[in-house]
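J.: The file below is data37.cif, mmCIF, C-alpha atoms, pLDDT in the B column; chains and numbers go by the auth columns:
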```
data_run
loop_
_atom_site.group_PDB
_atom_site.id
_atom_site.type_symbol
_atom_site.label_atom_id
_atom_site.label_comp_id
_atom_site.label_asym_id
_atom_site.label_seq_id
_atom_site.Cartn_x
_atom_site.Cartn_y
_atom_site.Cartn_z
_atom_site.B_iso_or_equiv
_atom_site.auth_seq_id
_atom_site.auth_asym_id
ATOM 1 C CA MET A 1 0.000 0.000 0.000 41.00 1 Y
ATOM 2 C CA GLY A 2 2.724 2.429 0.930 41.00 2 Y
ATOM 3 C CA GLY A 3 5.193 1.276 -1.746 45.00 3 Y
ATOM 4 C CA SER A 4 6.160 4.273 -3.834 50.00 4 Y
ATOM 5 C CA PRO A 5 5.993 7.640 -2.089 53.00 5 Y
ATOM 6 C CA ARG A 6 4.917 9.433 -5.283 65.00 6 Y
ATOM 7 C CA PRO A 7 2.348 7.386 -7.210 73.00 7 Y
ATOM 8 C CA ILE A 8 2.337 8.157 -10.915 81.00 8 Y
ATOM 9 C CA GLY A 9 -0.932 6.355 -11.677 84.00 9 Y
ATOM 10 C CA ARG A 10 -2.797 9.618 -11.369 87.00 10 Y
ATOM 11 C CA TYR A 11 -0.822 11.254 -14.159 91.00 11 Y
ATOM 12 C CA LEU A 12 -0.794 8.125 -16.289 91.00 12 Y
ATOM 13 C CA SER A 13 -4.551 7.684 -16.054 91.00 13 Y
ATOM 14 C CA GLY A 14 -5.114 11.314 -16.985 92.00 14 Y
ATOM 15 C CA LEU A 15 -2.757 11.111 -19.960 94.00 15 Y
ATOM 16 C CA CYS A 16 -4.159 7.796 -21.223 94.00 16 Y
ATOM 17 C CA THR A 17 -7.770 8.922 -20.893 94.00 17 Y
ATOM 18 C CA ALA A 18 -7.072 12.189 -22.675 94.00 18 Y
ATOM 19 C CA GLY A 19 -5.265 10.303 -25.456 95.00 19 Y
ATOM 20 C CA LEU A 20 -8.174 7.915 -25.836 95.00 20 Y
ATOM 21 C CA GLY A 21 -10.514 10.892 -26.002 95.00 21 Y
ATOM 22 C CA LEU A 22 -8.410 12.400 -28.787 95.00 22 Y
ATOM 23 C CA PHE A 23 -8.662 9.197 -30.817 95.00 23 Y
ATOM 24 C CA ALA A 24 -12.420 9.043 -30.190 95.00 24 Y
ATOM 25 C CA ALA A 25 -12.804 12.666 -31.270 95.00 25 Y
ATOM 26 C CA GLY A 26 -11.024 11.982 -34.542 95.00 26 Y
ATOM 27 C CA TRP A 27 -13.154 8.907 -35.112 94.00 27 Y
ATOM 28 C CA ILE A 28 -16.401 10.804 -34.447 93.00 28 Y
ATOM 29 C CA MET A 29 -15.397 13.543 -36.869 93.00 29 Y
ATOM 30 C CA LEU A 30 -14.490 11.067 -39.580 92.00 30 Y
ATOM 31 C CA THR A 31 -17.479 8.704 -39.390 89.00 31 Y
ATOM 32 C CA PRO A 32 -19.902 10.797 -41.499 85.00 32 Y
ATOM 33 C CA MET A 33 -17.352 10.838 -44.325 84.00 33 Y
ATOM 34 C CA ALA A 34 -16.081 7.317 -43.794 83.00 34 Y
ATOM 35 C CA PHE A 35 -19.463 5.604 -43.747 80.00 35 Y
ATOM 36 C CA GLY A 36 -21.220 8.043 -46.065 77.00 36 Y
ATOM 37 C CA TYR A 37 -24.387 8.479 -44.062 74.00 37 Y
ATOM 38 C CA ARG A 38 -27.359 9.116 -46.347 70.00 38 Y
ATOM 39 C CA GLY A 39 -31.068 9.580 -45.941 67.00 39 Y
ATOM 40 C CA ARG A 40 -33.200 11.736 -43.708 67.00 40 Y
ATOM 41 C CA GLY A 41 -31.257 13.772 -41.186 71.00 41 Y
ATOM 42 C CA SER A 42 -27.804 12.957 -42.551 79.00 42 Y
ATOM 43 C CA HIS A 43 -26.919 16.640 -42.563 85.00 43 Y
ATOM 44 C CA VAL A 44 -27.811 16.865 -38.880 85.00 44 Y
ATOM 45 C CA VAL A 45 -25.762 13.753 -38.151 87.00 45 Y
ATOM 46 C CA ALA A 46 -22.700 15.180 -39.894 88.00 46 Y
ATOM 47 C CA LEU A 47 -23.048 18.542 -38.181 90.00 47 Y
ATOM 48 C CA THR A 48 -23.534 16.985 -34.748 90.00 48 Y
ATOM 49 C CA ASN A 49 -20.585 14.654 -35.132 91.00 49 Y
ATOM 50 C CA LEU A 50 -18.277 17.352 -36.455 93.00 50 Y
ATOM 51 C CA ALA A 51 -19.163 19.800 -33.678 94.00 51 Y
ATOM 52 C CA THR A 52 -18.987 17.199 -30.928 94.00 52 Y
ATOM 53 C CA GLY A 53 -15.762 15.696 -32.230 95.00 53 Y
ATOM 54 C CA GLY A 54 -14.136 19.105 -32.622 95.00 54 Y
ATOM 55 C CA GLY A 55 -15.086 20.166 -29.125 95.00 55 Y
ATOM 56 C CA LEU A 56 -13.937 16.863 -27.682 95.00 56 Y
ATOM 57 C CA ALA A 57 -10.606 17.144 -29.505 96.00 57 Y
ATOM 58 C CA VAL A 58 -9.964 20.622 -28.078 96.00 58 Y
ATOM 59 C CA VAL A 59 -10.900 19.546 -24.556 95.00 59 Y
ATOM 60 C CA CYS A 60 -8.753 16.415 -24.748 95.00 60 Y
ATOM 61 C CA ALA A 61 -5.764 18.333 -26.123 95.00 61 Y
ATOM 62 C CA ILE A 62 -5.967 20.833 -23.257 95.00 62 Y
ATOM 63 C CA THR A 63 -6.337 17.975 -20.783 94.00 63 Y
ATOM 64 C CA LEU A 64 -3.335 16.186 -22.264 95.00 64 Y
ATOM 65 C CA ILE A 65 -1.173 19.299 -21.990 95.00 65 Y
ATOM 66 C CA ALA A 66 -2.368 19.960 -18.438 94.00 66 Y
ATOM 67 C CA TRP A 67 -1.478 16.455 -17.247 93.00 67 Y
ATOM 68 C CA SER A 68 1.894 16.608 -18.994 94.00 68 Y
ATOM 69 C CA VAL A 69 2.725 19.915 -17.292 93.00 69 Y
ATOM 70 C CA ALA A 70 1.530 18.590 -13.934 91.00 70 Y
ATOM 71 C CA TRP A 71 3.682 15.469 -14.251 91.00 71 Y
ATOM 72 C CA ARG A 72 6.764 17.474 -15.244 91.00 72 Y
ATOM 73 C CA ARG A 73 6.286 19.758 -12.265 89.00 73 Y
ATOM 74 C CA ARG A 74 6.027 16.747 -9.988 87.00 74 Y
ATOM 75 C CA LEU A 75 9.217 15.247 -11.462 88.00 75 Y
ATOM 76 C CA ARG A 76 11.032 18.562 -10.976 88.00 76 Y
ATOM 77 C CA ALA A 77 9.789 18.809 -7.405 85.00 77 Y
ATOM 78 C CA ASP A 78 11.050 15.288 -6.732 83.00 78 Y
ATOM 79 C CA GLY A 79 14.459 16.132 -8.214 82.00 79 Y
ATOM 80 C CA LEU A 80 14.209 13.712 -11.123 83.00 80 Y
ATOM 81 C CA LEU A 81 14.226 16.475 -13.724 80.00 81 Y
ATOM 82 C CA ARG A 82 16.908 19.157 -13.597 79.00 82 Y
ATOM 83 C CA THR A 83 15.795 22.760 -13.575 73.00 83 Y
ATOM 84 C CA PRO A 84 17.934 24.913 -15.905 69.00 84 Y
ATOM 85 C CA SER A 85 19.455 27.957 -14.197 67.00 85 Y
ATOM 86 C CA PRO A 86 20.711 30.656 -16.596 63.00 86 Y
ATOM 87 C CA GLY A 87 23.228 32.275 -14.236 60.00 87 Y
ATOM 88 C CA GLN A 88 25.126 29.070 -13.527 61.00 88 Y
ATOM 89 C CA ALA A 89 26.297 28.292 -17.050 64.00 89 Y
ATOM 90 C CA VAL A 90 29.503 30.419 -17.359 70.00 90 Y
ATOM 91 C CA PRO A 91 32.029 30.309 -14.486 73.00 91 Y
ATOM 92 C CA ASP A 92 34.190 33.280 -13.559 79.00 92 Y
ATOM 93 C CA PRO A 93 37.397 33.199 -15.709 82.00 93 Y
ATOM 94 C CA GLN A 94 39.548 34.742 -12.961 85.00 94 Y
ATOM 95 C CA GLN A 95 38.557 32.026 -10.535 86.00 95 Y
ATOM 96 C CA VAL A 96 39.218 29.377 -13.174 87.00 96 Y
ATOM 97 C CA LEU A 97 42.700 30.816 -13.872 89.00 97 Y
ATOM 98 C CA ALA A 98 43.528 31.060 -10.177 88.00 98 Y
ATOM 99 C CA ALA A 99 42.462 27.486 -9.590 88.00 99 Y
ATOM 100 C CA LEU A 100 44.456 26.329 -12.627 88.00 100 Y
ATOM 101 C CA ALA A 101 47.563 28.174 -11.417 88.00 101 Y
ATOM 102 C CA ALA A 102 47.221 26.602 -7.997 87.00 102 Y
ATOM 103 C CA LEU A 103 46.948 23.174 -9.585 88.00 103 Y
ATOM 104 C CA LEU A 104 49.953 23.663 -11.895 88.00 104 Y
ATOM 105 C CA ALA A 105 52.250 25.270 -9.328 85.00 105 Y
ATOM 106 C CA PRO A 106 53.723 22.003 -7.949 83.00 106 Y
ATOM 107 C CA LEU A 107 54.587 20.742 -11.444 82.00 107 Y
ATOM 108 C CA GLN A 108 57.676 23.038 -11.733 64.00 108 Y
ATOM 109 C CA VAL A 109 57.311 24.215 -15.304 58.00 109 Y
ATOM 110 C CA PRO A 110 60.768 24.545 -16.996 63.00 110 Y
ATOM 111 C CA SER A 111 62.101 28.015 -17.714 61.00 111 Y
ATOM 112 C CA VAL A 112 62.499 29.606 -21.139 58.00 112 Y
ATOM 113 C CA ASN A 113 66.113 28.536 -21.684 59.00 113 Y
ATOM 114 C CA GLY A 114 65.232 24.905 -21.005 54.00 114 Y
ATOM 115 C CA SER A 115 67.053 24.542 -17.698 54.00 115 Y
ATOM 116 C CA ALA A 116 64.675 23.142 -15.142 50.00 116 Y
ATOM 117 C CA PRO A 117 65.335 24.200 -11.595 51.00 117 Y
ATOM 118 C CA ALA A 118 66.579 21.656 -9.168 48.00 118 Y
ATOM 119 C CA ASN A 119 64.047 19.915 -7.028 49.00 119 Y
ATOM 120 C CA GLY A 120 65.772 20.670 -3.757 46.00 120 Y
ATOM 121 C CA SER A 121 66.141 24.379 -4.362 46.00 121 Y
ATOM 122 C CA ALA A 122 62.653 24.663 -5.716 47.00 122 Y
ATOM 123 C CA SER A 123 61.012 23.089 -2.752 48.00 123 Y
ATOM 124 C CA ALA A 124 63.070 25.155 -0.325 48.00 124 Y
ATOM 125 C CA ASP A 125 61.299 28.488 -0.742 52.00 125 Y
ATOM 126 C CA GLY A 126 59.096 27.952 -3.784 51.00 126 Y
ATOM 127 C CA SER A 127 60.795 30.736 -5.774 54.00 127 Y
ATOM 128 C CA ALA A 128 61.950 28.398 -8.554 52.00 128 Y
ATOM 129 C CA SER A 129 58.452 27.123 -9.006 55.00 129 Y
ATOM 130 C CA ALA A 130 57.120 30.655 -9.167 56.00 130 Y
ATOM 131 C CA ASN A 131 59.797 31.687 -11.674 62.00 131 Y
ATOM 132 C CA GLY A 132 58.995 28.682 -13.864 60.00 132 Y
ATOM 133 C CA TRP A 133 55.322 29.476 -13.802 61.00 133 Y
ATOM 134 C CA ALA A 134 55.975 33.113 -14.759 65.00 134 Y
ATOM 135 C CA ALA A 135 58.202 32.045 -17.646 65.00 135 Y
ATOM 136 C CA ALA A 136 55.655 29.578 -18.941 60.00 136 Y
ATOM 137 C CA ARG A 137 52.994 32.226 -18.691 62.00 137 Y
ATOM 138 C CA ALA A 138 55.149 34.596 -20.757 61.00 138 Y
ATOM 139 C CA GLU A 139 55.280 31.976 -23.521 60.00 139 Y
ATOM 140 C CA LEU A 140 51.501 31.859 -23.778 59.00 140 Y
ATOM 141 C CA PRO A 141 50.080 33.506 -26.922 56.00 141 Y
ATOM 142 C CA ILE A 142 47.578 35.448 -24.806 55.00 142 Y
ATOM 143 C CA PRO A 143 49.083 38.641 -23.361 53.00 143 Y
ATOM 144 C CA TYR A 144 48.203 39.758 -19.876 51.00 144 Y
ATOM 145 C CA GLY A 145 45.954 42.547 -21.089 48.00 145 Y
ATOM 146 C CA GLU A 146 43.628 40.242 -22.984 48.00 146 Y
ATOM 147 C CA GLU A 147 43.623 37.788 -20.153 48.00 147 Y
ATOM 148 C CA GLU A 148 42.472 40.493 -17.780 46.00 148 Y
ATOM 149 C CA ALA A 149 39.746 41.469 -20.186 44.00 149 Y
ATOM 150 C CA TRP A 150 38.040 38.027 -19.977 44.00 150 Y
ATOM 151 C CA MET B 1 -4.201 24.766 -10.872 81.00 1 O
ATOM 152 C CA VAL B 2 -2.913 22.531 -13.675 79.00 2 O
ATOM 153 C CA GLY B 3 -4.217 19.443 -11.908 83.00 3 O
ATOM 154 C CA LYS B 4 -7.620 21.072 -11.604 87.00 4 O
ATOM 155 C CA ILE B 5 -7.628 21.812 -15.329 91.00 5 O
ATOM 156 C CA GLY B 6 -6.767 18.173 -16.012 90.00 6 O
ATOM 157 C CA LEU B 7 -9.509 16.930 -13.721 90.00 7 O
ATOM 158 C CA GLY B 8 -12.002 19.334 -15.271 93.00 8 O
ATOM 159 C CA GLY B 9 -11.010 18.193 -18.740 93.00 9 O
ATOM 160 C CA LEU B 10 -11.694 14.586 -17.806 93.00 10 O
ATOM 161 C CA ALA B 11 -15.098 15.563 -16.389 94.00 11 O
ATOM 162 C CA VAL B 12 -15.962 17.476 -19.575 95.00 12 O
ATOM 163 C CA MET B 13 -14.854 14.467 -21.606 94.00 13 O
ATOM 164 C CA SER B 14 -17.231 12.251 -19.646 94.00 14 O
ATOM 165 C CA ALA B 15 -20.069 14.731 -20.173 96.00 15 O
ATOM 166 C CA THR B 16 -19.306 14.832 -23.904 95.00 16 O
ATOM 167 C CA GLY B 17 -19.665 11.060 -24.028 95.00 17 O
ATOM 168 C CA ALA B 18 -23.037 11.338 -22.338 95.00 18 O
ATOM 169 C CA TRP B 19 -24.048 13.958 -24.895 95.00 19 O
ATOM 170 C CA LEU B 20 -23.015 11.625 -27.713 94.00 20 O
ATOM 171 C CA VAL B 21 -25.286 8.925 -26.296 94.00 21 O
ATOM 172 C CA ALA B 22 -28.196 11.335 -26.067 93.00 22 O
ATOM 173 C CA ALA B 23 -27.556 13.232 -29.324 91.00 23 O
ATOM 174 C CA PRO B 24 -29.457 10.889 -31.703 89.00 24 O
ATOM 175 C CA PHE B 25 -32.612 11.301 -29.662 88.00 25 O
ATOM 176 C CA VAL B 26 -32.198 14.987 -28.865 90.00 26 O
ATOM 177 C CA THR B 27 -31.560 16.014 -32.460 87.00 27 O
ATOM 178 C CA ARG B 28 -34.263 13.551 -33.700 83.00 28 O
ATOM 179 C CA TYR B 29 -32.161 11.745 -36.272 81.00 29 O
ATOM 180 C CA GLN B 30 -33.069 8.553 -34.457 81.00 30 O
ATOM 181 C CA PRO B 31 -36.845 8.635 -33.971 78.00 31 O
ATOM 182 C CA ALA B 32 -38.217 6.721 -31.032 78.00 32 O
ATOM 183 C CA GLY B 33 -39.534 3.284 -32.001 80.00 33 O
ATOM 184 C CA ALA B 34 -37.905 3.293 -35.439 82.00 34 O
ATOM 185 C CA PRO B 35 -35.198 0.799 -36.415 84.00 35 O
ATOM 186 C CA TRP B 36 -31.724 1.936 -35.405 85.00 36 O
ATOM 187 C CA THR B 37 -29.713 3.670 -38.055 83.00 37 O
ATOM 188 C CA GLY B 38 -25.976 3.153 -38.433 84.00 38 O
ATOM 189 C CA ALA B 39 -25.189 6.714 -37.405 85.00 39 O
ATOM 190 C CA ALA B 40 -27.214 6.489 -34.216 87.00 40 O
ATOM 191 C CA GLY B 41 -25.692 3.143 -33.260 90.00 41 O
ATOM 192 C CA MET B 42 -22.179 4.453 -33.883 91.00 42 O
ATOM 193 C CA ASP B 43 -22.750 7.604 -31.847 91.00 43 O
ATOM 194 C CA VAL B 44 -24.236 5.698 -28.936 93.00 44 O
ATOM 195 C CA ALA B 45 -21.381 3.154 -28.953 94.00 45 O
ATOM 196 C CA VAL B 46 -18.617 5.756 -29.158 94.00 46 O
ATOM 197 C CA GLY B 47 -20.372 7.970 -26.627 95.00 47 O
ATOM 198 C CA THR B 48 -20.640 5.096 -24.162 96.00 48 O
ATOM 199 C CA ILE B 49 -16.928 4.347 -24.490 96.00 49 O
ATOM 200 C CA VAL B 50 -15.937 8.017 -24.123 95.00 50 O
ATOM 201 C CA ALA B 51 -18.223 8.548 -21.130 96.00 51 O
ATOM 202 C CA ALA B 52 -17.001 5.414 -19.369 96.00 52 O
ATOM 203 C CA ALA B 53 -13.337 6.197 -20.064 95.00 53 O
ATOM 204 C CA GLY B 54 -13.717 9.800 -18.963 95.00 54 O
ATOM 205 C CA LEU B 55 -15.463 8.813 -15.756 95.00 55 O
ATOM 206 C CA ALA B 56 -12.882 6.117 -14.992 95.00 56 O
ATOM 207 C CA GLY B 57 -10.008 8.521 -15.665 94.00 57 O
ATOM 208 C CA PHE B 58 -11.589 11.224 -13.547 94.00 58 O
ATOM 209 C CA LEU B 59 -12.114 8.859 -10.621 94.00 59 O
ATOM 210 C CA ALA B 60 -8.605 7.407 -10.941 92.00 60 O
ATOM 211 C CA ALA B 61 -7.020 10.860 -11.000 92.00 61 O
ATOM 212 C CA LEU B 62 -9.126 11.978 -8.062 92.00 62 O
ATOM 213 C CA ALA B 63 -8.208 8.850 -6.099 91.00 63 O
ATOM 214 C CA GLY B 64 -4.526 9.468 -6.838 89.00 64 O
ATOM 215 C CA ARG B 65 -4.803 13.026 -5.562 88.00 65 O
ATOM 216 C CA VAL B 66 -6.516 11.867 -2.380 90.00 66 O
ATOM 217 C CA ARG B 67 -3.782 9.260 -1.873 88.00 67 O
ATOM 218 C CA GLU B 68 -1.147 11.984 -2.287 84.00 68 O
ATOM 219 C CA LEU B 69 -2.912 14.118 0.306 87.00 69 O
ATOM 220 C CA TYR B 70 -2.937 11.227 2.754 88.00 70 O
ATOM 221 C CA ALA B 71 0.750 10.534 2.077 85.00 71 O
ATOM 222 C CA GLU B 72 1.696 14.212 2.542 82.00 72 O
ATOM 223 C CA ARG B 73 -0.215 14.315 5.802 85.00 73 O
ATOM 224 C CA ALA B 74 1.378 11.125 7.061 84.00 74 O
ATOM 225 C CA ALA B 75 4.957 11.981 6.004 77.00 75 O
ATOM 226 C CA PRO B 76 5.765 14.653 8.675 69.00 76 O
ATOM 227 C CA ALA B 77 4.354 12.437 11.420 55.00 77 O
ATOM 228 C CA GLU B 78 6.870 9.626 10.742 51.00 78 O
ATOM 229 C CA PRO B 79 9.973 11.229 12.382 54.00 79 O
ATOM 230 C CA GLU B 80 7.969 12.027 15.492 49.00 80 O
ATOM 231 C CA GLY B 81 7.162 8.371 16.109 46.00 81 O
ATOM 232 C CA PRO B 82 10.600 7.113 17.286 50.00 82 O
ATOM 233 C CA ALA B 83 11.330 10.368 19.102 45.00 83 O
ATOM 234 C CA ALA B 84 8.146 10.120 21.099 41.00 84 O
ATOM 235 C CA GLY B 85 8.601 6.448 21.821 34.00 85 O
#
```
Represent the structure of the file as structure tokens.

T.:
Amino acid sequence: MGGSPRPIGRYLSGLCTAGLGLFAAGWIMLTPMAFGYRGRGSHVVALTNLATGGGLAVVCAITLIAWSVAWRRRLRADGLLRTPSPGQAVPDPQQVLAALAALLAPLQVPSVNGSAPANGSASADGSASANGWAAARAELPIPYGEEEAW
Amino acid sequence: MVGKIGLGGLAVMSATGAWLVAAPFVTRYQPAGAPWTGAAGMDVAVGTIVAAAGLAGFLAALAGRVRELYAERAAPAEPEGPAAG
């Protein structure tokens, strides 16, 4: 009885019933042409079926959309569908560069003339690592000005 | 609000089925006592199906909503059970 906390049978029954109503509406609208009703009152039959089928189709389409929207809202509320947030798409470039520099700092990037600093001297005060990072940054095709303008 | 529109749509669908059943006699293209025409039989059959499906869908959706209300009412009471006992 208390199996799933959010039963979906409500939404499914609404969607299936509205879909069945749409099919029935199309069938009602088509029957005067499909069976070629003749005789007394055939004009009334065609008019009644067209009006009723058209109205039923509109009502069922609105019902279908309403149940779809209600189900999507329920899925979003349960966390199964992700809600898009426009402000979260682009991260701050300065923060990304700072985090990247912090990650690359222990790698001891070689200097411009190709002579890598010694490990012992680099780990002593960290100046060799900083010098290597500055040299590697100078080799980048992006100058500092453009980088600041991100 | 959207759920109410959906429920109302199902109720209107059921009423439309009832209208389809009654339409041959209301609009007089099926006179009382006369042999049944194909159009009248088709309308009554389709109207019965639409009315029954609409009523069943309406009741199922309503029952689901009532079950959700019971579940939402019972959910906050669960953590209080072990704490009280």

J.: Could you give me, as JSON lines, a per-residue list for chain Y showing, wherever an atom lies at most 7 Å from an atom of chain O, the closest pair of atoms and their distance in Å to one decimal, using only C-alpha atoms and sorting by chain then residue number from low to high?

T.:
```
{"residue": "Y:Gly9", "atom": "CA", "partner": "O:Gly64", "partner_atom": "CA", "distance": 6.8}
{"residue": "Y:Arg10", "atom": "CA", "partner": "O:Ala61", "partner_atom": "CA", "distance": 4.4}
{"residue": "Y:Tyr11", "atom": "CA", "partner": "O:Ala61", "partner_atom": "CA", "distance": 7.0}
{"residue": "Y:Ser13", "atom": "CA", "partner": "O:Gly57", "partner_atom": "CA", "distance": 5.5}
{"residue": "Y:Gly14", "atom": "CA", "partner": "O:Gly57", "partner_atom": "CA", "distance": 5.8}
{"residue": "Y:Thr17", "atom": "CA", "partner": "O:Gly57", "partner_atom": "CA", "distance": 5.7}
{"residue": "Y:Gly21", "atom": "CA", "partner": "O:Val50", "partner_atom": "CA", "distance": 6.4}
{"residue": "Y:Tyr37", "atom": "CA", "partner": "O:Ala39", "partner_atom": "CA", "distance": 6.9}
{"residue": "Y:Gly41", "atom": "CA", "partner": "O:Tyr29", "partner_atom": "CA", "distance": 5.4}
{"residue": "Y:Val45", "atom": "CA", "partner": "O:Tyr29", "partner_atom": "CA", "distance": 7.0}
{"residue": "Y:Leu56", "atom": "CA", "partner": "O:Met13", "partner_atom": "CA", "distance": 6.6}
{"residue": "Y:Val59", "atom": "CA", "partner": "O:Gly9", "partner_atom": "CA", "distance": 6.0}
{"residue": "Y:Cys60", "atom": "CA", "partner": "O:Gly9", "partner_atom": "CA", "distance": 6.7}
{"residue": "Y:Thr63", "atom": "CA", "partner": "O:Gly6", "partner_atom": "CA", "distance": 4.8}
{"residue": "Y:Ala66", "atom": "CA", "partner": "O:Gly6", "partner_atom": "CA", "distance": 5.3}
{"residue": "Y:Trp67", "atom": "CA", "partner": "O:Gly6", "partner_atom": "CA", "distance": 5.7}
{"residue": "Y:Ala70", "atom": "CA", "partner": "O:Val2", "partner_atom": "CA", "distance": 5.9}
```

J.: Need to verify the contact set: Y:Ala51, 8 Å, only C-alpha atoms, exclusion of same-chain residues closer than 4 positions in sequence. Can you return it as JSON, numbers by chain?

T.: {"Y": [29, 47, 55]}

J.: Include C-alpha atoms and write out the residues we just selected as a compact mmCIF listing (two decimals), in the coordinates of the input.

T.:
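selection_29.txt was written with the following content:
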```txt
# COMPACT_ATOMS: atom_id res chain seq x y z
CA MET Y 29 -15.40 13.54 -36.87
CA LEU Y 47 -23.05 18.54 -38.18
CA GLY Y 55 -15.09 20.17 -29.12
```

J.: For atom CA of Y:Gly54 and atom CA of Y:Ala25, determine how far apart the two atoms are, in Å to one decimal place.

T.: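 These atoms are spaced 6.7 Å apart.
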
J.: Could you work out how far atom CA of O:Thr48 lies from atom CA of O:Val21, giving the answer in Å with one decimal?

T.: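 Separation of atom CA of O:Val21 and atom CA of O:Thr48: 6.4 Å.
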
J.: Under the rule that all atoms listed in the file are counted, which of Y:Val90, Y:Ile8, Y:Ile28, Y:Ala18 is the nearest residue to Y:Ile65?

T.: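 The closest residue to Y:Ile65 is Y:Ala18.
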
J.: Between atom CA of Y:Leu20 and atom CA of Y:Leu75, what is the spacing in Å?

T.: 23.7 Å
